[in-house]
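I have placed the structure first, in the form of structure tokens, so that the comments after it can refer back to it.
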Amino acid sequence: MRTRRIADVEVSAIGLGGMPMSIEGRPDDERSIATIHAALDAGVTFIDTADAYHLHADEVGHNESLIAGAVRSWGGDASTVLIATKGGHLRPGDGSWYVDGRPEYIKEAAKASLARLGGDAIGLYQFHRPDPEVPYEDSVGAIRDLLDDGVIRLAGISNANPEQIRQAQEILGGRLASVQNQFSPAFRSSEPELELADELGIAFLPWSPLGGITSAAALGDRFAPFQQVADARGVSPQVVALAWHLAKSPHVIPIPGASRPESIRDSATAADLTLTPEELAALDAA
């Protein structure tokens, strides 16, 4: 597996998004653990989760606990795996989502996440989504305090615009490690944030890089050039999409979600696919 960097940490060029293993339509734990182990066996060393990835109100952190347990039970070297989680987004258990960016809540949530993940500090902690009721500088200030106090090793933000990226970088004293925004063939409006992250040397982590849980399987049907390149290369259109992400910038690390071992095994192969300038031009125009 080729590698990239989040701050000073070397990780696999393709990560694993854990959300599909804990929300609506989730598989049983046995299949989820097999999926995580398949990712690790394929060389994936970066896994993204969040405390809000759960179904019921009484199982906050379901995905964090699932991933932590799977990594511990894996036969390889767990110290090579960077687990990223997020706080500030909540699910009351009725299918809805809401935000809480209060500094006191973020600090409480981070410590709860650390207890579930184990270890001395969270590898990468990200402010999940801006709260319109709380000044952004206050929320990111809580992330800075967690970093200063050693509760987290790396700090990131998610669902941010360029102004917020620059603001977070300033508040964190130049220590912003990553930006996680939605980006895919179907959703390209985060291109300015991707370009800014590249300019600043910050990892850009596209979430739903294949278009989301309900649309990923139909990527080739929705975007013909991706299917055409896939057919010519003998790979899936999903692999082409991930390789397209990687070609955008050396700071891009896509985190495709998966809930089946075969899905993440296929995604992991994208790290070895180099697209030609002609192919990239066709995909950009799709």
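Chain labels follow the order of the structure tokens: the first chain is A, the next B, and so on; residue numbering restarts at 1 in every chain, and ligands are counted from 1 in their shown order.
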Point to revise | Secondary structure check, helix (DSSP H, G or I) residues of range 61-269 of chain A, as a VMD selection string | key: chain A and resid 62 to 73 78 to 80 103 to 117 136 to 148 162 to 171 191 to 200 216 to 222 224 to 233 237 to 248 261 to 269
Please produce a file of the residues just selected, as a CSV table (one decimal), in the first residue's frame, where the atoms kept are C-alpha atoms.
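Final file, result-v4.csv:
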```csv
chain,number,residue,atom,x,y,z
A,62,HIS,CA,-20.9,2.2,18.8
A,63,ASN,CA,-18.5,2.5,15.8
A,64,GLU,CA,-15.6,3.7,17.9
A,65,SER,CA,-15.9,0.6,20.2
A,66,LEU,CA,-16.4,-1.7,17.2
A,67,ILE,CA,-13.3,-0.4,15.4
A,68,ALA,CA,-11.1,-0.4,18.6
A,69,GLY,CA,-12.1,-4.0,19.4
A,70,ALA,CA,-11.4,-5.1,15.8
A,71,VAL,CA,-8.0,-3.5,15.7
A,72,ARG,CA,-7.0,-5.0,19.0
A,73,SER,CA,-8.1,-8.5,17.8
A,78,ALA,CA,-1.9,-2.4,15.9
A,79,SER,CA,0.5,0.4,16.7
A,80,THR,CA,0.8,1.2,12.9
A,103,PRO,CA,-16.4,23.8,24.2
A,104,GLU,CA,-17.4,22.1,27.4
A,105,TYR,CA,-19.3,19.5,25.4
A,106,ILE,CA,-16.5,18.9,22.9
A,107,LYS,CA,-14.0,18.3,25.7
A,108,GLU,CA,-16.4,15.9,27.5
A,109,ALA,CA,-17.0,14.0,24.2
A,110,ALA,CA,-13.3,13.7,23.4
A,111,LYS,CA,-12.6,12.2,26.8
A,112,ALA,CA,-15.4,9.7,26.3
A,113,SER,CA,-14.1,8.8,22.9
A,114,LEU,CA,-10.7,8.2,24.3
A,115,ALA,CA,-12.1,5.9,26.9
A,116,ARG,CA,-13.8,3.8,24.2
A,117,LEU,CA,-10.8,3.8,21.8
A,136,TYR,CA,-16.4,28.8,15.6
A,137,GLU,CA,-13.3,30.0,17.4
A,138,ASP,CA,-14.8,28.7,20.7
A,139,SER,CA,-15.3,25.3,19.3
A,140,VAL,CA,-11.9,25.0,17.7
A,141,GLY,CA,-10.4,26.5,20.9
A,142,ALA,CA,-11.6,23.4,22.7
A,143,ILE,CA,-9.8,21.3,20.1
A,144,ARG,CA,-6.7,23.4,20.8
A,145,ASP,CA,-7.0,22.8,24.5
A,146,LEU,CA,-7.4,19.1,24.0
A,147,LEU,CA,-4.2,19.1,21.9
A,148,ASP,CA,-2.3,21.2,24.5
A,162,PRO,CA,-12.1,28.0,3.4
A,163,GLU,CA,-12.5,30.8,6.0
A,164,GLN,CA,-13.0,28.3,8.7
A,165,ILE,CA,-9.9,26.3,7.6
A,166,ARG,CA,-7.7,29.4,7.8
A,167,GLN,CA,-9.3,30.4,11.1
A,168,ALA,CA,-8.7,26.9,12.6
A,169,GLN,CA,-5.1,26.9,11.4
A,170,GLU,CA,-4.6,30.2,13.2
A,171,ILE,CA,-6.3,29.1,16.4
A,191,GLU,CA,-12.8,21.8,-4.6
A,192,PRO,CA,-11.8,25.2,-3.0
A,193,GLU,CA,-11.3,23.5,0.4
A,194,LEU,CA,-9.3,20.7,-1.3
A,195,GLU,CA,-7.1,23.3,-3.0
A,196,LEU,CA,-6.6,25.3,0.1
A,197,ALA,CA,-5.6,22.2,2.1
A,198,ASP,CA,-3.1,21.4,-0.6
A,199,GLU,CA,-1.7,25.0,-0.5
A,200,LEU,CA,-1.3,24.8,3.3
A,216,ALA,CA,-21.7,4.1,-4.5
A,217,ALA,CA,-22.7,0.9,-6.3
A,218,ALA,CA,-24.2,2.9,-9.2
A,219,LEU,CA,-21.2,5.2,-9.7
A,220,GLY,CA,-20.4,3.8,-13.1
A,221,ASP,CA,-24.0,4.1,-14.3
A,222,ARG,CA,-24.2,7.7,-13.1
A,224,ALA,CA,-20.1,7.1,-17.8
A,225,PRO,CA,-16.4,8.2,-18.1
A,226,PHE,CA,-15.6,6.4,-14.8
A,227,GLN,CA,-17.1,3.2,-16.2
A,228,GLN,CA,-15.3,3.6,-19.5
A,229,VAL,CA,-11.9,4.0,-17.8
A,230,ALA,CA,-12.7,1.1,-15.5
A,231,ASP,CA,-13.6,-1.1,-18.5
A,232,ALA,CA,-10.3,-0.1,-20.2
A,233,ARG,CA,-8.3,-0.8,-17.1
A,237,PRO,CA,-15.4,2.3,-11.5
A,238,GLN,CA,-15.1,2.7,-7.7
A,239,VAL,CA,-11.4,2.1,-7.9
A,240,VAL,CA,-11.1,4.6,-10.7
A,241,ALA,CA,-13.0,7.2,-8.6
A,242,LEU,CA,-10.5,6.7,-5.7
A,243,ALA,CA,-7.5,6.9,-8.0
A,244,TRP,CA,-9.0,10.2,-9.4
A,245,HIS,CA,-9.2,11.5,-5.8
A,246,LEU,CA,-5.5,10.6,-5.2
A,247,ALA,CA,-4.5,12.4,-8.4
A,248,LYS,CA,-6.0,15.6,-7.2
A,261,PRO,CA,-14.6,-7.3,3.2
A,262,GLU,CA,-14.7,-7.4,-0.6
A,263,SER,CA,-15.6,-3.7,-0.9
A,264,ILE,CA,-12.6,-2.4,1.1
A,265,ARG,CA,-10.2,-4.9,-0.6
A,266,ASP,CA,-11.3,-3.5,-3.9
A,267,SER,CA,-11.0,0.1,-2.7
A,268,ALA,CA,-7.5,-0.5,-1.4
A,269,THR,CA,-6.2,-1.4,-4.9
```
Practice item. Please identify all polymer residues within 10 Å of Gly257 in chain A, counting only C-alpha atoms, omitting same-chain residues fewer than 4 positions from it, and present them as an MDAnalysis selection string. Key: chainID A and resid 15:21 47:49 207:210 212:213 216 263:264 267
Point to revise | Proximity to Thr85 in chain A - best of A:His56, A:Arg153, A:His37, A:Arg102, only C-alpha atoms | key: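 Between A:His56, A:Arg153, A:His37, A:Arg102, the residue approaching Thr85 in chain A most closely is A:Arg153.
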Practice item. Rank A:Gly88, A:Gly234, A:Gly93, A:Gly119 by their smallest atom-to-atom distance to Pro132 in chain A, using only C-alpha atoms, and report the top residue only. Key: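 The closest residue to Pro132 in chain A is A:Gly88.
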